[in-house]
Structure formats: structure tokens, C-alpha cells
Amino acid sequence: MSENPYARPSDPAKRKSAAITDGPDRAPARAMLKGTGFTDEDLARPIIGVATTWIETMPCNLNQRELATYVKQGIRDAGGTPMEFNTIAVSDGVSMGTEGMRASLVSREVIADSIELVARGHLFDGLVCLVGCDKTIPGAAMALARLDIPGLALYSGSIAPGRFRGRDVTIQDVFEVVGAHAAGKVGPEEVHALESVACPGAGACGGQFTANTMSMAMELLGISPAGLNGIPANHPLKKEAAVQAGHLAMKLVRANTLPSEIVTREAIENAITGVAASGGSTNAVLHLLAIARELGIPLEIDDFDVIAERTPIIVNLTPGGKYVATDLHAAGGVPVMTRELLSKELMHPGTRNVDGRTTAEIGAQAKEAEGQLVIVPIDTPLKPTGGLGIMHGNLSPEGSVVKLAGHERRRHVGPARVFDSEEECFAAVKAQAIVAGDVIVIRYEGPVGGPGMREMLHVTAAIVGEGLGEEVALITDGRFSGATHGLMVGHVAPEAVRGGLIGILKDGDTITLDVDARRLDVDLSDEEIAARTAAWVAPTPRYTTGVLAKYASLVSSAAQGAVTQPK
């Protein structure tokens, strides 16, 4: 009698995929999978999904197809079967300042949803997510949290800086030269020359902008292997890092180590501390709130203020500082920063990383480059408190986020210059109609009003390029790129379309931005506020069908992470 081909016992690590691959009843599923090249031996092993966010619209994720082959090699070497799939990405840098930017934050939800759906639909035993541009990182973390299956995320790496006239440059410089050109300070030839060298190859934007901020946060959350995210995209060690990620994924699957065991409240506090200590992107507020929500971990917007206020800035990274992500890696990376913060008990030492080490062990094993200048000793910080703060007041009773890295101003009082869209404001900046002392107000750009909460780098960089960066303030119910610097307040909540007072402001209203008091206020009487509120009419929605309309109907306040939730 011939051997029963279905008699082989299932691998105990196939906790989910056995329901798809094992036994005679699953012959149709195996037939389909064999049609793609998998063998009986492949299907007898734990199945690990390998999610990429590869796309040809940006350099940020461009190396992920290649990295995926090395992740899969690591999984196979460790006894698993990888199955690669892909999801979307939207380039903030390409879409910035256009209608396309409305898709950016929305893409975070689509990325999380699509990874979740593929993993649920195919009953993967584990998951490796390759992430790059801004929203792919929190989107993957949200999916891992929802699924709560063994897995990790690996950042595909930062881009190298470009070189222009003997200095390092990033995409931030290109955005700012646009303002300089509008002010007549440079000619079109210089703009073209800079744009042609600023992005020299694969990798995400090089400063401590949103991608690198969230990459750091993922290491500190423990969901990315410590030290591997920071390896630049084109560094020779990146391929080996991908192989290691595959090996680690199989260890996690064998041990059934779940994301909910790694990403705890303490781990989230460590991530916030790292964002504050590095002058990182204010977008981390939205994304860490969203990740915490997926895991049911209590986290409020004001928690960011408490942590940032006790955390000094010790990492000298652009846009608030001097260096870029490749410099941070060469200096010793996130582990060196972690060591410094642990020395003052500013991080929780017992939190775990997917690589098996505790935060304390990672800090103790940090290897600092001799003579490095990127990470300063914590006893001599760059600034005594962190790179962001949470503002309240009559203009933002639910909270708003102020960026504190890259400038020294703590208070600004001035007349409002009110714009109902980013485009209106950019036109005024380009026409040099903004003057020193103004408080620029950009509204109807929130999660619902945009919809999609566009970043304002097109405007803020133009302001800096014109030389007004230290002379004006800007407030918006939209958000800022990690490359933004200057006295800027975003995420104003409630947003204009949801009845926030930002919606009733008029040109000339006196606005006070007081960082030390954590207040954002307009000087109007209760009677005037009531009269204007009664006369206010909500604008017609920009979209009535399609994904942006769906998003607007489901999205929460920025103070809650701008997450979509069932009604």
C-alpha cells in the first residue's frame, strides 16, 4: 500500500496556516499554492508573510524588492516558508503642496487594513513588514498590533545625503530653495541644480523627518530589531540585516512571541522619549496614539507633553540640528542615545525587543564611534527639554502640537492672516504678502476637513526660504512634515469643520502662542465668539464619493490619532 501523503504530522509552529495547508480537505488550497511554485515540503513549514511597500513613485521604498529576497532567505534558512505580498505607499515628498497630499495620512489606514486582510485571509503564522516612507511604518505597526501574530518590521533605510556646493543636502533644502526663488534670492538654475543632486538613490528622506523618527520609534517600541533599522538603504550591511530579520521572525514564531507582549505602555513611553530626545517629527504623536489604540493601551495626547518636558534633546539632527540619519548610524545609532537616556532613568530598562534583548541590554551593548558629534552626553544636552509640546487654550481645547526643535522662540503675539486652504496660503507667501509678526492660520485641512490632514511643508519651507522663519508663527488643523522647523502649531483640535474656533477666525484677530504656558488663544470676547459661531456655516465637503469621503466619515480627532473607527 502506498504511503498516505497526508499522514505527516503538522509542524506545531503552524498555529494558523495548518487550517489552510493540512489534510485531504485542503487539497484545493494546496493545488493553488503549488501553482505558484510551492512544494509539499514548503507547505509543511510555518508560513510567514513578507509584506513590502515597494513603489516606483519615490526613492524611499525602492530597495524593498531586493531586501525582500534576503528576508525570505533568512526565513527559509530558519525552517519557514515565506510568502511575499505588497501594499501601497504614498510619497509625501512628491505629493506635498498638491491635492495628492490628501492621500498621505489616509494611506496609513489602507496600509494597515491591507496587511491585516492578507494575513487574515491566508492565515499566516508570522509576518515581516518592510517599511520605508512615512505612513508605511505606523501602518505596518498597526497591522501587527491588530493581528497579534509573531512578527516584526524592518525599515528599508535612510537615503544618503546629496552633495551641493561642498555641503550635505536633503529634500528639506529643495523645499526651502523654492521660497528663496520666490523671494528673488536665487535663480531657476540653482533650483534645478539642487533638485538634481538632493536625492542620490534609494532610501527615505535623510533628516529626522517622519520616516526616520518613526523608524527610531519602532526600535524603541521593540517591534523592530535594535540597530538594524538605522543601517542606511545602500549600506552593504542592509542585506545581512534583512537575513537577520527573517531568522528573527522564525524565532518569534517558534516561541509564539506576540506583538502585544513587546509593545507595552512602557515601550510606548520609551518611543515618545526617543522622539523628544531627537527633535523628531510631530507626526509621531498621531502615529503612536494610533498604535496604542490598536493594542488597547491607554495613551492621551497630554502624555507626550509630560514626557517631552522631562526629556532633553541630545541628538543633533536636521531639521532642528546639523546631521542626518546616516551620520547617526555612523555615530552608533539609537542604542547610544538609549544608553544616555537610561543613565538618567528616562527610559524603562526592562522593555523587550524582538531580538530578545531588553532595553537595558541594548543600551549597555551600544558601540559609540570615537569622536562622534551627533549624540551629545546627556549631562550637556542641546536643549533641556524635548522637541515638542502639547498646547491647549480656547483655540485648541482638545490639544494641538507645537514643534520646539530648531528655534528658540517661546511666545508670539500677532494678527491672524487666515487662509481656508494650503494653496491660498502658499500663493500669499509666494506673492510676499506675509509680513513679520503675522500669525498664519491655515484651516479646513484637518482629518475631516481636508480630508486627510495635509502636511504644510510646501508653505513652511517657503516661509523659511523667504527669510521669515523667525518672524512669523503658523497654526493649522493640518499637520507638519518632519522637515518643518520654526514656531509652528499643528493638529489643532477640534478642527474647523468640527466646530473648532479656528473656523471663525478673521484677519486681524490677535492670537497668542505661549509655549511656556502651553496656551494657544484668540483674544475675542465670549459674546463675539458666540455671534461668530452662530453665523458660521460648514463648507461643502471637498469629496462626496470614494476613499477620501469614506475616510472623512470615519476618522477621529487628531487628538486621538486620526484613526478610522466604525460608527
# chains A, B, ... in the order shown; residues from 1 in each chain; ligands from 1
call {"tool": "residues_around", "arguments": {"residues": "segment 55-70 of chain A", "least_positions_apart": "6", "cutoff": "8 Å", "atoms": "only C-alpha atoms", "output": "compact mmCIF listing (two decimals) with C-alpha atoms, in the first residue's frame"}}
result
# COMPACT_ATOMS: atom_id res chain seq x y z
CA GLU A 84 5.70 37.78 -0.29
CA ILE A 88 0.59 50.69 -1.25
CA ALA A 89 2.59 53.76 -0.31
CA VAL A 90 2.10 57.49 -0.99
CA SER A 91 5.11 59.78 -1.24
CA VAL A 94 6.24 64.07 -4.25
CA LEU A 130 9.35 46.02 5.10
CA VAL A 131 8.62 49.71 5.64
CA GLY A 132 10.03 52.98 4.36
CA CYS A 133 8.15 56.19 3.60
CA SER A 156 14.43 49.69 4.46
CA GLY A 157 16.78 52.50 5.43
CA SER A 158 17.56 56.17 5.07
CA ILE A 159 18.83 57.77 1.89
CA CYS A 199 18.21 62.56 -3.56
CA GLY A 201 19.44 56.97 -4.60
CA ALA A 202 17.24 54.60 -2.65
CA GLY A 203 16.19 55.37 0.89
CA ALA A 204 13.78 57.51 2.89
CA CYS A 205 14.31 61.23 3.48
CA ALA A 233 19.42 51.83 2.50
CA LYS A 238 21.48 46.18 4.92
CA LYS A 239 21.14 42.86 3.10
CA GLU A 240 22.52 40.99 6.12
CA ALA A 242 17.24 41.58 6.10
CA VAL A 243 18.50 38.00 6.50
CA GLY A 246 13.99 36.58 8.57
call {"tool": "select_by_dssp", "arguments": {"residues": "segment 105-292 of chain A", "states": "helix (DSSP H, G or I)", "output": "VMD selection string"}}
result
chain A and resid 105 to 122 136 to 147 171 to 182 188 to 195 210 to 221 237 to 255 259 to 262 265 to 277 283 to 292
call {"tool": "residues_around", "arguments": {"residues": "Gly279 of chain A", "least_positions_apart": "4", "cutoff": "12 Å", "atoms": "only C-alpha atoms", "output": "PyMOL selection string"}}
result
chain A and resi 207-210+212-213+216+272-275+283-284+308+311-323+375+381-389+402-407+482-485
call {"tool": "residues_around", "arguments": {"residues": "segment 171-188 of chain A", "least_positions_apart": "2", "cutoff": "8 Å", "atoms": "only C-alpha atoms", "output": "ChimeraX atom specification"}}
result
/A:93,169,190-192,194-195,198-199,205-206,319,430-432,457-458,461-467,483
call {"tool": "residues_around", "arguments": {"residues": "segment 21-26 of chain A", "least_positions_apart": "6", "cutoff": "10 Å", "atoms": "only C-alpha atoms", "output": "PDB file with N, CA, C and O atoms, in the first residue's frame"}}
result
ATOM      1  N   PRO A   5      -0.067  10.447   1.699  1.00  0.00           N
ATOM      2  CA  PRO A   5       0.679  11.712   1.645  1.00  0.00           C
ATOM      3  C   PRO A   5       0.207  12.731   2.688  1.00  0.00           C
ATOM      4  O   PRO A   5       0.865  13.749   2.902  1.00  0.00           O
ATOM      5  N   TYR A   6      -0.929  12.473   3.328  1.00  0.00           N
ATOM      6  CA  TYR A   6      -1.462  13.427   4.296  1.00  0.00           C
ATOM      7  C   TYR A   6      -1.216  12.998   5.747  1.00  0.00           C
ATOM      8  O   TYR A   6      -1.738  13.602   6.678  1.00  0.00           O
ATOM      9  N   ALA A   7      -0.443  11.941   5.930  1.00  0.00           N
ATOM     10  CA  ALA A   7      -0.272  11.393   7.275  1.00  0.00           C
ATOM     11  C   ALA A   7       0.780  12.137   8.096  1.00  0.00           C
ATOM     12  O   ALA A   7       0.866  11.949   9.307  1.00  0.00           O
ATOM     13  N   ARG A   8       1.590  12.976   7.440  1.00  0.00           N
ATOM     14  CA  ARG A   8       2.660  13.665   8.141  1.00  0.00           C
ATOM     15  C   ARG A   8       2.080  14.586   9.218  1.00  0.00           C
ATOM     16  O   ARG A   8       1.161  15.364   8.942  1.00  0.00           O
ATOM     17  N   PRO A   9       2.608  14.550  10.454  1.00  0.00           N
ATOM     18  CA  PRO A   9       2.098  15.446  11.493  1.00  0.00           C
ATOM     19  C   PRO A   9       2.453  16.899  11.176  1.00  0.00           C
ATOM     20  O   PRO A   9       3.492  17.191  10.585  1.00  0.00           O
ATOM     21  N   SER A  10       1.586  17.774  11.572  1.00  0.00           N
ATOM     22  CA  SER A  10       1.792  19.192  11.297  1.00  0.00           C
ATOM     23  C   SER A  10       2.865  19.770  12.208  1.00  0.00           C
ATOM     24  O   SER A  10       2.985  19.391  13.370  1.00  0.00           O
ATOM     25  N   LYS A  14       2.854  25.794  13.077  1.00  0.00           N
ATOM     26  CA  LYS A  14       1.831  26.170  12.100  1.00  0.00           C
ATOM     27  C   LYS A  14       0.497  26.387  12.833  1.00  0.00           C
ATOM     28  O   LYS A  14      -0.496  25.707  12.580  1.00  0.00           O
ATOM     29  N   LEU A  33      -1.630  26.812  -4.351  1.00  0.00           N
ATOM     30  CA  LEU A  33      -0.304  27.219  -3.896  1.00  0.00           C
ATOM     31  C   LEU A  33       0.798  26.517  -4.687  1.00  0.00           C
ATOM     32  O   LEU A  33       1.842  27.115  -4.976  1.00  0.00           O
ATOM     33  N   ASP A  40       5.223  20.399  -1.428  1.00  0.00           N
ATOM     34  CA  ASP A  40       4.693  19.817  -0.196  1.00  0.00           C
ATOM     35  C   ASP A  40       5.589  20.159   0.995  1.00  0.00           C
ATOM     36  O   ASP A  40       5.099  20.435   2.095  1.00  0.00           O
ATOM     37  N   LEU A  43       4.945  23.702   2.123  1.00  0.00           N
ATOM     38  CA  LEU A  43       3.658  23.891   2.784  1.00  0.00           C
ATOM     39  C   LEU A  43       3.578  23.176   4.124  1.00  0.00           C
ATOM     40  O   LEU A  43       2.661  23.438   4.909  1.00  0.00           O
ATOM     41  N   ALA A  44       4.539  22.317   4.404  1.00  0.00           N
ATOM     42  CA  ALA A  44       4.579  21.653   5.705  1.00  0.00           C
ATOM     43  C   ALA A  44       5.226  22.530   6.774  1.00  0.00           C
ATOM     44  O   ALA A  44       5.156  22.219   7.959  1.00  0.00           O
ATOM     45  N   ARG A  45       5.858  23.623   6.347  1.00  0.00           N
ATOM     46  CA  ARG A  45       6.552  24.513   7.283  1.00  0.00           C
ATOM     47  C   ARG A  45       5.645  25.670   7.688  1.00  0.00           C
ATOM     48  O   ARG A  45       4.651  25.979   7.013  1.00  0.00           O
ATOM     49  N   ILE A  47       4.230  29.263   7.725  1.00  0.00           N
ATOM     50  CA  ILE A  47       4.159  30.211   6.609  1.00  0.00           C
ATOM     51  C   ILE A  47       4.249  31.632   7.162  1.00  0.00           C
ATOM     52  O   ILE A  47       3.460  32.030   8.028  1.00  0.00           O
ATOM     53  N   LEU A 123      -4.018  33.193   6.636  1.00  0.00           N
ATOM     54  CA  LEU A 123      -3.697  32.522   7.901  1.00  0.00           C
ATOM     55  C   LEU A 123      -2.191  32.349   8.114  1.00  0.00           C
ATOM     56  O   LEU A 123      -1.705  31.273   8.458  1.00  0.00           O
TER      57      LEU A 123
END
call {"tool": "atom_distance", "arguments": {"atom1": "atom CA of Ile111 of chain A", "atom2": "atom CA of Ala141 of chain A"}}
result
10.0 Å
call {"tool": "closest_residue", "arguments": {"among": "A:Val537, A:Val459, A:Ile442, A:Ala493", "to": "Ser396 of chain A", "atoms": "only C-alpha atoms"}}
result
A:Ala493
call {"tool": "select_by_dssp", "arguments": {"residues": "segment 498-543 of chain A", "states": "strand (DSSP E or B)", "output": "PyMOL selection string"}}
result
chain A and resi 510-514+519-522
